[in-house]
Amino acid sequence: MKKREDAIPKTMKAWAVTKPGPIDGKDSPIKFVEKPVPTPNRGEVLVKVLTCGVCHTDLHVTEGDLPVHHQNVTPGHEIVGKVVGFGPETQRFKLGERIGIPWFRHACGVCKFCRSGHENLCPHSVYTGWDHDGGYAEYVTVPEGFAYRLPEKFNSLEAAPLLCAGIIGYRAFERANIPAGGRLGLYGFGGSAHITAQIALAQGIEVHVFTRGEDAKKFALELGCSSVQGSYDPSPVPLDSSIIFAPVGDMVLPALASLVPGGTLALAGIHMTDIPAMNYQKEIFHEKTLTSVESNTRRDGEEFLTLADRLNIHPEVHEYPLAKADEALRYVKNGDIKGACVLQVSED
């Protein structure tokens, strides 16, 4: 390993998913443990974690909705930190530079998807906090080509949710094919949706929110959304496009039924419960489009961070110390969240 900051300990505090199961069950699936500080491999940098967002995907990993890819994995993939060490053949970042680490950790670079600009569909892709230890820890490594430089205007707490909630919301927003000045429906209103709503509103799009949470409904109206209603309520107006952020397949049918002819519904989550049988005439006829969203490309991330900087997007953040990551996950599961949860790991 090349140059590395002094005073890096040999061990660190971190969370580990020891036995996936309900986060609010009798036995916690996640434990606060001591782990070795990782050593960066070729092309990787070592990062001291400053903040890490708490994403719904972390809940899926912790509770077992997503299959175990790495035993005792440390979750977390909305990571802001500073570079403190280098593996061989690294040159992109400087010592002490603040960078962002996202969900999308690596792709092969040679398959047909990578070569055609669809690296998010790479069958060999791996993910931070699922295939590899993530940011619910004091240190983490990342391949330097898959990290981001962050706009200076965002402090480290605000920047964390941008790295997944923001980027995935942006990709879902793009795939939803929203016409200029159109009407957008958002189903679920947590970390990703509240950032996506800001993107839409800043561009003159009318936003309608469907969620169970009373606090989330109030927050949506505070942001400037045109209406709020329950998760399964019909839309007060026909919608040009909609995005479902909640991992609930039952929402697909009412969301499709509220679309105008030719409208698009994008499913933004990595996991969703089963979708009920559709009535062709009611839900999908009239050339409606139903599409999923799988991860993101690095280009998506660069475009979104530039756009967030230009539009002055600011996530609403609830701060938790690293030692209370389990408490933050329980809050996320509750589903009535105003913005996004972020772990404050280090002040340096």
# chains A, B, ... in the order shown; residues from 1 in each chain; ligands from 1
>>> residues_around(residues="Ala16 (chain A)", least_positions_apart="3", cutoff="8 Å", atoms="only C-alpha atoms", output="ChimeraX atom specification")
/A:30-33,72-75
>>> write_last_selection(atoms="N, CA and C atoms", output="mmCIF file, in the first residue's frame")
data_model
loop_
_atom_site.group_PDB
_atom_site.id
_atom_site.type_symbol
_atom_site.label_atom_id
_atom_site.label_comp_id
_atom_site.auth_asym_id
_atom_site.auth_seq_id
_atom_site.Cartn_x
_atom_site.Cartn_y
_atom_site.Cartn_z
ATOM 1 N N ILE A 30 -28.575 -7.200 13.804
ATOM 2 C CA ILE A 30 -27.372 -6.409 13.552
ATOM 3 C C ILE A 30 -26.699 -6.107 14.891
ATOM 4 N N LYS A 31 -25.369 -6.269 14.924
ATOM 5 C CA LYS A 31 -24.611 -6.100 16.157
ATOM 6 C C LYS A 31 -23.506 -5.069 15.973
ATOM 7 N N PHE A 32 -23.228 -4.318 17.063
ATOM 8 C CA PHE A 32 -22.142 -3.342 17.074
ATOM 9 C C PHE A 32 -20.892 -4.071 17.543
ATOM 10 N N VAL A 33 -19.885 -4.168 16.661
ATOM 11 C CA VAL A 33 -18.747 -5.037 16.925
ATOM 12 C C VAL A 33 -17.427 -4.308 16.669
ATOM 13 N N ASN A 72 -21.778 -11.577 7.760
ATOM 14 C CA ASN A 72 -21.464 -10.527 8.738
ATOM 15 C C ASN A 72 -21.121 -9.196 8.067
ATOM 16 N N VAL A 73 -21.813 -8.913 6.974
ATOM 17 C CA VAL A 73 -21.535 -7.695 6.220
ATOM 18 C C VAL A 73 -21.859 -6.455 7.047
ATOM 19 N N THR A 74 -21.082 -5.420 6.861
ATOM 20 C CA THR A 74 -21.382 -4.108 7.423
ATOM 21 C C THR A 74 -22.201 -3.343 6.395
ATOM 22 N N PRO A 75 -23.446 -2.937 6.725
ATOM 23 C CA PRO A 75 -24.280 -2.216 5.757
ATOM 24 C C PRO A 75 -23.786 -0.785 5.545
#
>>> closest_atom_pairs(of="region 142-184 of chain A", to="region 255-268 of chain A", cutoff="12 Å", atoms="only C-alpha atoms", output="tab-separated table")
residue	atom	partner	partner_atom	distance
A:Cys164	CA	A:Ala268	CA	11.4
A:Ala165	CA	A:Ala268	CA	10.1
A:Gly166	CA	A:Ala268	CA	11.5
A:Ile167	CA	A:Ala268	CA	10.9
A:Ile168	CA	A:Ala268	CA	7.1
A:Gly169	CA	A:Ala268	CA	7.3
A:Tyr170	CA	A:Ala268	CA	9.9
A:Arg171	CA	A:Ala268	CA	8.4
A:Ala172	CA	A:Ala268	CA	5.8
A:Phe173	CA	A:Ala266	CA	8.0
A:Glu174	CA	A:Ala266	CA	9.3
A:Arg175	CA	A:Ala266	CA	6.6
A:Ala176	CA	A:Ala266	CA	5.4
A:Asn177	CA	A:Thr264	CA	6.6
A:Ile178	CA	A:Thr264	CA	7.9
A:Pro179	CA	A:Gly263	CA	9.7
A:Gly182	CA	A:Gly263	CA	10.6
A:Arg183	CA	A:Leu259	CA	9.6
A:Leu184	CA	A:Leu259	CA	9.4
>>> select_by_dssp(residues="region 298-337 of chain A", states="helix (DSSP H, G or I)", output="PyMOL selection string")
chain A and resi 298-311+322-334
>>> write_last_selection(atoms="N, CA, C and O atoms", output="mmCIF file, in the first residue's frame")
data_model
loop_
_atom_site.group_PDB
_atom_site.id
_atom_site.type_symbol
_atom_site.label_atom_id
_atom_site.label_comp_id
_atom_site.auth_asym_id
_atom_site.auth_seq_id
_atom_site.Cartn_x
_atom_site.Cartn_y
_atom_site.Cartn_z
ATOM 1 N N ARG A 298 -22.361 5.205 -13.342
ATOM 2 C CA ARG A 298 -21.563 6.297 -12.780
ATOM 3 C C ARG A 298 -21.924 7.626 -13.432
ATOM 4 O O ARG A 298 -21.887 8.676 -12.786
ATOM 5 N N ARG A 299 -22.329 7.572 -14.688
ATOM 6 C CA ARG A 299 -22.752 8.797 -15.363
ATOM 7 C C ARG A 299 -23.990 9.380 -14.686
ATOM 8 O O ARG A 299 -24.098 10.601 -14.530
ATOM 9 N N ASP A 300 -24.928 8.517 -14.285
ATOM 10 C CA ASP A 300 -26.101 8.998 -13.540
ATOM 11 C C ASP A 300 -25.663 9.780 -12.308
ATOM 12 O O ASP A 300 -26.202 10.855 -12.001
ATOM 13 N N GLY A 301 -24.699 9.212 -11.575
ATOM 14 C CA GLY A 301 -24.233 9.865 -10.358
ATOM 15 C C GLY A 301 -23.608 11.214 -10.618
ATOM 16 O O GLY A 301 -23.892 12.190 -9.912
ATOM 17 N N GLU A 302 -22.760 11.291 -11.625
ATOM 18 C CA GLU A 302 -22.114 12.567 -11.959
ATOM 19 C C GLU A 302 -23.155 13.598 -12.401
ATOM 20 O O GLU A 302 -23.106 14.769 -11.994
ATOM 21 N N GLU A 303 -24.108 13.176 -13.240
ATOM 22 C CA GLU A 303 -25.151 14.099 -13.702
ATOM 23 C C GLU A 303 -25.999 14.598 -12.542
ATOM 24 O O GLU A 303 -26.311 15.792 -12.450
ATOM 25 N N PHE A 304 -26.373 13.679 -11.649
ATOM 26 C CA PHE A 304 -27.231 14.083 -10.540
ATOM 27 C C PHE A 304 -26.528 15.047 -9.595
ATOM 28 O O PHE A 304 -27.115 16.049 -9.167
ATOM 29 N N LEU A 305 -25.289 14.755 -9.229
ATOM 30 C CA LEU A 305 -24.575 15.641 -8.309
ATOM 31 C C LEU A 305 -24.395 17.032 -8.902
ATOM 32 O O LEU A 305 -24.497 18.041 -8.192
ATOM 33 N N THR A 306 -24.178 17.102 -10.209
ATOM 34 C CA THR A 306 -24.095 18.412 -10.882
ATOM 35 C C THR A 306 -25.433 19.123 -10.833
ATOM 36 O O THR A 306 -25.513 20.332 -10.556
ATOM 37 N N LEU A 307 -26.517 18.374 -11.088
ATOM 38 C CA LEU A 307 -27.857 18.956 -11.069
ATOM 39 C C LEU A 307 -28.244 19.402 -9.664
ATOM 40 O O LEU A 307 -28.813 20.489 -9.473
ATOM 41 N N ALA A 308 -27.947 18.582 -8.661
ATOM 42 C CA ALA A 308 -28.271 18.939 -7.277
ATOM 43 C C ALA A 308 -27.564 20.217 -6.861
ATOM 44 O O ALA A 308 -28.127 21.057 -6.145
ATOM 45 N N ASP A 309 -26.333 20.370 -7.317
ATOM 46 C CA ASP A 309 -25.572 21.588 -7.044
ATOM 47 C C ASP A 309 -26.239 22.783 -7.710
ATOM 48 O O ASP A 309 -26.449 23.832 -7.088
ATOM 49 N N ARG A 310 -26.612 22.623 -8.984
ATOM 50 C CA ARG A 310 -27.189 23.737 -9.742
ATOM 51 C C ARG A 310 -28.578 24.119 -9.231
ATOM 52 O O ARG A 310 -28.922 25.307 -9.150
ATOM 53 N N LEU A 311 -29.393 23.129 -8.858
ATOM 54 C CA LEU A 311 -30.757 23.397 -8.405
ATOM 55 C C LEU A 311 -30.838 23.664 -6.907
ATOM 56 O O LEU A 311 -31.919 23.918 -6.380
ATOM 57 N N LEU A 322 -23.195 6.792 15.245
ATOM 58 C CA LEU A 322 -22.935 5.466 14.708
ATOM 59 C C LEU A 322 -23.483 4.374 15.623
ATOM 60 O O LEU A 322 -24.043 3.376 15.148
ATOM 61 N N ALA A 323 -23.346 4.553 16.922
ATOM 62 C CA ALA A 323 -23.764 3.520 17.874
ATOM 63 C C ALA A 323 -25.267 3.284 17.892
ATOM 64 O O ALA A 323 -25.739 2.296 18.474
ATOM 65 N N LYS A 324 -26.039 4.160 17.242
ATOM 66 C CA LYS A 324 -27.502 4.002 17.213
ATOM 67 C C LYS A 324 -28.020 3.718 15.808
ATOM 68 O O LYS A 324 -29.154 4.067 15.471
ATOM 69 N N ALA A 325 -27.219 3.047 15.004
ATOM 70 C CA ALA A 325 -27.658 2.701 13.650
ATOM 71 C C ALA A 325 -28.882 1.812 13.673
ATOM 72 O O ALA A 325 -29.768 1.928 12.803
ATOM 73 N N ASP A 326 -28.991 0.918 14.645
ATOM 74 C CA ASP A 326 -30.161 0.047 14.726
ATOM 75 C C ASP A 326 -31.431 0.855 14.985
ATOM 76 O O ASP A 326 -32.499 0.553 14.434
ATOM 77 N N GLU A 327 -31.302 1.885 15.793
ATOM 78 C CA GLU A 327 -32.443 2.769 16.067
ATOM 79 C C GLU A 327 -32.872 3.509 14.801
ATOM 80 O O GLU A 327 -34.068 3.661 14.528
ATOM 81 N N ALA A 328 -31.908 3.960 14.014
ATOM 82 C CA ALA A 328 -32.214 4.639 12.748
ATOM 83 C C ALA A 328 -32.914 3.696 11.777
ATOM 84 O O ALA A 328 -33.866 4.089 11.088
ATOM 85 N N LEU A 329 -32.489 2.442 11.722
ATOM 86 C CA LEU A 329 -33.136 1.462 10.838
ATOM 87 C C LEU A 329 -34.580 1.215 11.263
ATOM 88 O O LEU A 329 -35.468 1.060 10.410
ATOM 89 N N ARG A 330 -34.830 1.178 12.559
ATOM 90 C CA ARG A 330 -36.212 1.006 13.029
ATOM 91 C C ARG A 330 -37.078 2.197 12.625
ATOM 92 O O ARG A 330 -38.251 2.034 12.268
ATOM 93 N N TYR A 331 -36.505 3.396 12.665
ATOM 94 C CA TYR A 331 -37.239 4.584 12.242
ATOM 95 C C TYR A 331 -37.569 4.520 10.754
ATOM 96 O O TYR A 331 -38.676 4.837 10.329
ATOM 97 N N VAL A 332 -36.611 4.075 9.955
ATOM 98 C CA VAL A 332 -36.850 3.934 8.519
ATOM 99 C C VAL A 332 -37.965 2.916 8.266
ATOM 100 O O VAL A 332 -38.847 3.122 7.414
ATOM 101 N N LYS A 333 -37.946 1.803 8.996
ATOM 102 C CA LYS A 333 -38.968 0.777 8.805
ATOM 103 C C LYS A 333 -40.353 1.285 9.158
ATOM 104 O O LYS A 333 -41.353 0.880 8.548
ATOM 105 N N ASN A 334 -40.431 2.178 10.123
ATOM 106 C CA ASN A 334 -41.725 2.714 10.545
ATOM 107 C C ASN A 334 -42.463 3.393 9.400
ATOM 108 O O ASN A 334 -43.692 3.408 9.359
#
>>> residues_around(residues="Ala216 (chain A)", least_positions_apart="2", cutoff="8 Å", atoms="only C-alpha atoms", output="PyMOL selection string")
chain A and resi 189-190+211-214+218-220+336-338
>>> write_last_selection(atoms="N, CA, C and O atoms", output="tab-separated table (two decimals), in the first residue's frame")
chain	number	residue	atom	x	y	z
A	189	PHE	N	-42.85	8.39	0.56
A	189	PHE	CA	-42.23	9.71	0.63
A	189	PHE	C	-41.16	9.74	1.71
A	189	PHE	O	-41.29	10.43	2.72
A	190	GLY	N	-40.10	8.97	1.47
A	190	GLY	CA	-38.97	8.94	2.38
A	190	GLY	C	-37.77	9.65	1.80
A	190	GLY	O	-37.88	10.66	1.11
A	211	THR	N	-48.82	8.43	0.32
A	211	THR	CA	-48.05	7.83	1.41
A	211	THR	C	-48.95	7.61	2.62
A	211	THR	O	-49.96	8.30	2.78
A	212	ARG	N	-48.56	6.70	3.48
A	212	ARG	CA	-49.33	6.42	4.70
A	212	ARG	C	-48.96	7.36	5.85
A	212	ARG	O	-49.72	7.53	6.78
A	213	GLY	N	-47.76	7.91	5.81
A	213	GLY	CA	-47.24	8.67	6.95
A	213	GLY	C	-47.80	10.07	7.05
A	213	GLY	O	-47.72	10.85	6.10
A	214	GLU	N	-48.30	10.43	8.20
A	214	GLU	CA	-48.87	11.77	8.40
A	214	GLU	C	-47.77	12.83	8.40
A	214	GLU	O	-47.93	13.92	7.84
A	218	LYS	N	-47.29	15.98	5.63
A	218	LYS	CA	-47.08	17.39	5.97
A	218	LYS	C	-45.81	17.92	5.33
A	218	LYS	O	-45.77	19.04	4.81
A	219	PHE	N	-44.76	17.10	5.36
A	219	PHE	CA	-43.48	17.49	4.78
A	219	PHE	C	-43.61	17.71	3.28
A	219	PHE	O	-43.04	18.66	2.72
A	220	ALA	N	-44.35	16.83	2.60
A	220	ALA	CA	-44.54	16.97	1.15
A	220	ALA	C	-45.20	18.30	0.81
A	220	ALA	O	-44.81	18.98	-0.15
A	336	ASP	N	-42.81	6.53	8.38
A	336	ASP	CA	-43.31	7.90	8.46
A	336	ASP	C	-42.12	8.81	8.75
A	336	ASP	O	-41.96	9.33	9.84
A	337	ILE	N	-41.30	8.99	7.73
A	337	ILE	CA	-40.03	9.68	7.90
A	337	ILE	C	-40.04	11.01	7.16
A	337	ILE	O	-40.51	11.10	6.03
A	338	LYS	N	-39.55	12.02	7.83
A	338	LYS	CA	-39.44	13.35	7.23
A	338	LYS	C	-38.02	13.52	6.72
A	338	LYS	O	-37.14	13.96	7.45
>>> select_by_dssp(residues="region 74-253 of chain A", states="strand (DSSP E)", output="number ranges by chain")
A: 78-86, 98-101, 104-106, 126-127, 139-143, 148-149, 183-187, 206-210, 227-229, 239-244
>>> residues_around(residues="region 115-127 of chain A", least_positions_apart="5", cutoff="7 Å", atoms="only C-alpha atoms", output="number ranges by chain")
A: 103-110, 132, 294-297
>>> residues_around(residues="region 94-100 of chain A", least_positions_apart="6", cutoff="10 Å", atoms="only C-alpha atoms", output="MDAnalysis selection string")
chainID A and resid 3:5 45:52 77:86 142 144 146:152 156 159:160 162:163
>>> write_last_selection(atoms="N, CA, C and O atoms", output="short mmCIF file (atom, residue, chain, number, x, y, z; two decimals), in the first residue's frame")
data_model
loop_
_atom_site.label_atom_id
_atom_site.label_comp_id
_atom_site.auth_asym_id
_atom_site.auth_seq_id
_atom_site.Cartn_x
_atom_site.Cartn_y
_atom_site.Cartn_z
N LYS A 3 1.36 5.58 0.36
CA LYS A 3 1.28 6.49 1.51
C LYS A 3 -0.07 6.43 2.22
O LYS A 3 -1.10 6.26 1.61
N ARG A 4 -0.03 6.58 3.52
CA ARG A 4 -1.21 6.44 4.36
C ARG A 4 -1.06 7.35 5.56
O ARG A 4 0.02 7.48 6.11
N GLU A 5 -2.16 8.00 5.94
CA GLU A 5 -2.09 8.90 7.08
C GLU A 5 -1.63 8.16 8.33
O GLU A 5 -1.93 6.98 8.52
N VAL A 45 -8.86 3.02 -2.46
CA VAL A 45 -8.41 3.95 -1.43
C VAL A 45 -9.07 3.59 -0.11
O VAL A 45 -10.17 3.02 -0.08
N LEU A 46 -8.38 3.92 0.97
CA LEU A 46 -8.93 3.76 2.31
C LEU A 46 -9.55 5.08 2.72
O LEU A 46 -8.94 6.15 2.58
N VAL A 47 -10.77 5.01 3.25
CA VAL A 47 -11.54 6.21 3.58
C VAL A 47 -11.95 6.18 5.05
O VAL A 47 -12.48 5.16 5.54
N LYS A 48 -11.70 7.27 5.75
CA LYS A 48 -12.23 7.45 7.10
C LYS A 48 -13.64 8.00 6.96
O LYS A 48 -13.86 9.06 6.37
N VAL A 49 -14.62 7.27 7.48
CA VAL A 49 -16.02 7.63 7.29
C VAL A 49 -16.38 8.84 8.17
O VAL A 49 -16.13 8.84 9.37
N LEU A 50 -16.96 9.84 7.54
CA LEU A 50 -17.48 11.00 8.26
C LEU A 50 -18.96 10.84 8.54
O LEU A 50 -19.41 11.00 9.67
N THR A 51 -19.72 10.51 7.50
CA THR A 51 -21.16 10.29 7.64
C THR A 51 -21.57 9.13 6.74
O THR A 51 -20.90 8.82 5.76
N CYS A 52 -22.71 8.52 7.07
CA CYS A 52 -23.27 7.47 6.22
C CYS A 52 -24.78 7.51 6.32
O CYS A 52 -25.35 7.43 7.42
N HIS A 77 -24.22 2.50 2.32
CA HIS A 77 -23.68 2.80 0.99
C HIS A 77 -23.95 4.25 0.56
O HIS A 77 -23.91 4.55 -0.62
N GLU A 78 -24.23 5.10 1.52
CA GLU A 78 -24.34 6.54 1.25
C GLU A 78 -23.24 7.20 2.10
O GLU A 78 -23.52 7.85 3.10
N ILE A 79 -22.01 7.00 1.68
CA ILE A 79 -20.85 7.27 2.54
C ILE A 79 -20.11 8.53 2.11
O ILE A 79 -19.76 8.69 0.94
N VAL A 80 -19.88 9.40 3.06
CA VAL A 80 -19.02 10.56 2.86
C VAL A 80 -17.82 10.40 3.78
O VAL A 80 -17.97 10.12 4.98
N GLY A 81 -16.62 10.52 3.23
CA GLY A 81 -15.44 10.36 4.06
C GLY A 81 -14.23 11.03 3.45
O GLY A 81 -14.30 11.62 2.36
N LYS A 82 -13.13 10.96 4.16
CA LYS A 82 -11.90 11.54 3.63
C LYS A 82 -10.87 10.45 3.37
O LYS A 82 -10.78 9.45 4.10
N VAL A 83 -10.13 10.62 2.30
CA VAL A 83 -9.12 9.65 1.88
C VAL A 83 -7.95 9.68 2.86
O VAL A 83 -7.35 10.74 3.09
N VAL A 84 -7.63 8.51 3.44
CA VAL A 84 -6.54 8.45 4.41
C VAL A 84 -5.48 7.42 4.03
O VAL A 84 -4.47 7.28 4.72
N GLY A 85 -5.68 6.68 2.96
CA GLY A 85 -4.69 5.70 2.55
C GLY A 85 -4.93 5.23 1.13
O GLY A 85 -6.03 5.42 0.58
N PHE A 86 -3.92 4.63 0.53
CA PHE A 86 -3.97 4.24 -0.88
C PHE A 86 -3.45 2.82 -1.08
O PHE A 86 -2.43 2.43 -0.51
N VAL A 142 -12.79 1.66 -1.15
CA VAL A 142 -13.59 1.80 -2.37
C VAL A 142 -12.65 1.83 -3.58
O VAL A 142 -11.57 2.43 -3.50
N GLU A 144 -11.21 3.46 -6.58
CA GLU A 144 -11.21 4.91 -6.80
C GLU A 144 -12.04 5.34 -8.00
O GLU A 144 -12.59 6.44 -8.03
N PHE A 146 -14.92 4.34 -8.79
CA PHE A 146 -16.35 4.27 -8.51
C PHE A 146 -16.77 5.20 -7.39
O PHE A 146 -17.91 5.14 -6.91
N ALA A 147 -15.87 6.08 -6.96
CA ALA A 147 -16.19 7.09 -5.95
C ALA A 147 -16.47 8.42 -6.65
O ALA A 147 -16.17 8.61 -7.83
N TYR A 148 -17.05 9.35 -5.92
CA TYR A 148 -17.43 10.66 -6.48
C TYR A 148 -16.75 11.79 -5.73
O TYR A 148 -16.61 11.74 -4.49
N ARG A 149 -16.39 12.82 -6.47
CA ARG A 149 -16.09 14.11 -5.84
C ARG A 149 -17.42 14.79 -5.53
O ARG A 149 -18.37 14.68 -6.29
N LEU A 150 -17.47 15.50 -4.41
CA LEU A 150 -18.72 16.07 -3.95
C LEU A 150 -18.72 17.59 -4.07
O LEU A 150 -17.71 18.24 -3.78
N PRO A 151 -19.85 18.19 -4.48
CA PRO A 151 -19.94 19.65 -4.51
C PRO A 151 -19.66 20.24 -3.13
O PRO A 151 -20.14 19.72 -2.12
N GLU A 152 -18.91 21.30 -3.09
CA GLU A 152 -18.50 21.88 -1.81
C GLU A 152 -19.67 22.44 -1.00
O GLU A 152 -19.60 22.51 0.23
N SER A 156 -21.23 17.37 5.02
CA SER A 156 -21.14 15.91 4.96
C SER A 156 -22.44 15.21 5.36
O SER A 156 -22.72 14.11 4.89
N ALA A 159 -24.72 15.66 2.24
CA ALA A 159 -24.22 14.97 1.04
C ALA A 159 -24.52 13.48 1.06
O ALA A 159 -24.70 12.87 0.00
N ALA A 160 -24.59 12.88 2.24
CA ALA A 160 -24.74 11.43 2.32
C ALA A 160 -25.98 10.90 1.58
O ALA A 160 -25.85 10.00 0.74
N LEU A 162 -27.54 12.03 -0.87
CA LEU A 162 -27.44 12.25 -2.31
C LEU A 162 -26.84 11.05 -3.01
O LEU A 162 -27.11 10.81 -4.20
N LEU A 163 -26.04 10.24 -2.28
CA LEU A 163 -25.24 9.20 -2.90
C LEU A 163 -26.01 7.92 -3.23
O LEU A 163 -25.48 7.03 -3.89
#
>>> atom_distance(atom1="CA of Val252 (chain A)", atom2="CA of Asp233 (chain A)")
11.9 Å
>>> closest_residue(among="A:Ser292, A:Thr62, A:Thr141, A:Gln229", to="Thr39 (chain A)", atoms="only C-alpha atoms")
A:Thr141
>>> closest_residue(among="A:Ile284, A:Ala197, A:Val345, A:Ile205", to="Leu223 (chain A)", atoms="only C-alpha atoms")
A:Ala197
>>> residues_around(residues="Cys225 (chain A)", least_positions_apart="5", cutoff="9 Å", atoms="only C-alpha atoms", output="PDB file with all heavy atoms, in the first residue's frame")
ATOM      1  N   ALA A 197     -38.719  14.846  -5.409  1.00  0.00           N
ATOM      2  CA  ALA A 197     -39.733  15.904  -5.449  1.00  0.00           C
ATOM      3  C   ALA A 197     -39.081  17.270  -5.654  1.00  0.00           C
ATOM      4  O   ALA A 197     -39.586  18.099  -6.422  1.00  0.00           O
ATOM      5  CB  ALA A 197     -40.546  15.894  -4.158  1.00  0.00           C
ATOM      6  N   LEU A 201     -39.983  19.733  -8.704  1.00  0.00           N
ATOM      7  CA  LEU A 201     -40.560  21.047  -8.426  1.00  0.00           C
ATOM      8  C   LEU A 201     -39.681  22.167  -8.973  1.00  0.00           C
ATOM      9  O   LEU A 201     -40.184  23.173  -9.486  1.00  0.00           O
ATOM     10  CB  LEU A 201     -40.754  21.216  -6.917  1.00  0.00           C
ATOM     11  CG  LEU A 201     -41.836  20.317  -6.284  1.00  0.00           C
ATOM     12  CD1 LEU A 201     -41.712  20.312  -4.771  1.00  0.00           C
ATOM     13  CD2 LEU A 201     -43.228  20.771  -6.710  1.00  0.00           C
ATOM     14  N   GLU A 206     -45.576  19.415 -11.618  1.00  0.00           N
ATOM     15  CA  GLU A 206     -46.577  19.331 -10.559  1.00  0.00           C
ATOM     16  C   GLU A 206     -46.469  17.966  -9.889  1.00  0.00           C
ATOM     17  O   GLU A 206     -46.526  16.935 -10.558  1.00  0.00           O
ATOM     18  CB  GLU A 206     -47.966  19.511 -11.178  1.00  0.00           C
ATOM     19  CG  GLU A 206     -49.112  19.613 -10.208  1.00  0.00           C
ATOM     20  CD  GLU A 206     -50.430  19.827 -10.937  1.00  0.00           C
ATOM     21  OE1 GLU A 206     -50.535  20.817 -11.703  1.00  0.00           O
ATOM     22  OE2 GLU A 206     -51.338  19.004 -10.755  1.00  0.00           O
ATOM     23  N   VAL A 207     -46.308  17.946  -8.563  1.00  0.00           N
ATOM     24  CA  VAL A 207     -46.044  16.700  -7.847  1.00  0.00           C
ATOM     25  C   VAL A 207     -47.206  16.357  -6.916  1.00  0.00           C
ATOM     26  O   VAL A 207     -47.680  17.202  -6.153  1.00  0.00           O
ATOM     27  CB  VAL A 207     -44.746  16.804  -7.026  1.00  0.00           C
ATOM     28  CG1 VAL A 207     -44.494  15.506  -6.252  1.00  0.00           C
ATOM     29  CG2 VAL A 207     -43.557  17.098  -7.946  1.00  0.00           C
ATOM     30  N   HIS A 208     -47.643  15.082  -6.983  1.00  0.00           N
ATOM     31  CA  HIS A 208     -48.700  14.562  -6.119  1.00  0.00           C
ATOM     32  C   HIS A 208     -48.156  13.357  -5.368  1.00  0.00           C
ATOM     33  O   HIS A 208     -47.537  12.466  -5.965  1.00  0.00           O
ATOM     34  CB  HIS A 208     -49.928  14.179  -6.949  1.00  0.00           C
ATOM     35  CG  HIS A 208     -50.528  15.341  -7.673  1.00  0.00           C
ATOM     36  ND1 HIS A 208     -51.564  16.096  -7.151  1.00  0.00           N
ATOM     37  CD2 HIS A 208     -50.203  15.900  -8.870  1.00  0.00           C
ATOM     38  CE1 HIS A 208     -51.866  17.066  -8.007  1.00  0.00           C
ATOM     39  NE2 HIS A 208     -51.057  16.971  -9.056  1.00  0.00           N
ATOM     40  N   VAL A 209     -48.367  13.332  -4.041  1.00  0.00           N
ATOM     41  CA  VAL A 209     -47.735  12.336  -3.174  1.00  0.00           C
ATOM     42  C   VAL A 209     -48.772  11.376  -2.604  1.00  0.00           C
ATOM     43  O   VAL A 209     -49.862  11.785  -2.195  1.00  0.00           O
ATOM     44  CB  VAL A 209     -46.962  13.045  -2.035  1.00  0.00           C
ATOM     45  CG1 VAL A 209     -46.490  12.034  -0.988  1.00  0.00           C
ATOM     46  CG2 VAL A 209     -45.776  13.811  -2.618  1.00  0.00           C
ATOM     47  N   ALA A 220     -44.346  16.834   2.599  1.00  0.00           N
ATOM     48  CA  ALA A 220     -44.535  16.970   1.152  1.00  0.00           C
ATOM     49  C   ALA A 220     -45.201  18.301   0.807  1.00  0.00           C
ATOM     50  O   ALA A 220     -44.813  18.980  -0.146  1.00  0.00           O
ATOM     51  CB  ALA A 220     -45.363  15.807   0.622  1.00  0.00           C
TER      52      ALA A 220
END
>>> closest_residue(among="A:Gly76, A:Gln203, A:Pro254, A:His70", to="Gly134 (chain A)", atoms="only C-alpha atoms")
A:Gly76
>>> atom_distance(atom1="CA of Pro22 (chain A)", atom2="CA of His69 (chain A)")
18.0 Å
>>> closest_residue(among="A:Lys13, A:His318, A:His56, A:Lys26", to="Pro38 (chain A)", atoms="only C-alpha atoms")
A:Lys13
>>> closest_residue(among="A:Ile23, A:Ile313, A:Val342, A:Ile8", to="Ile199 (chain A)", atoms="only C-alpha atoms")
A:Ile313
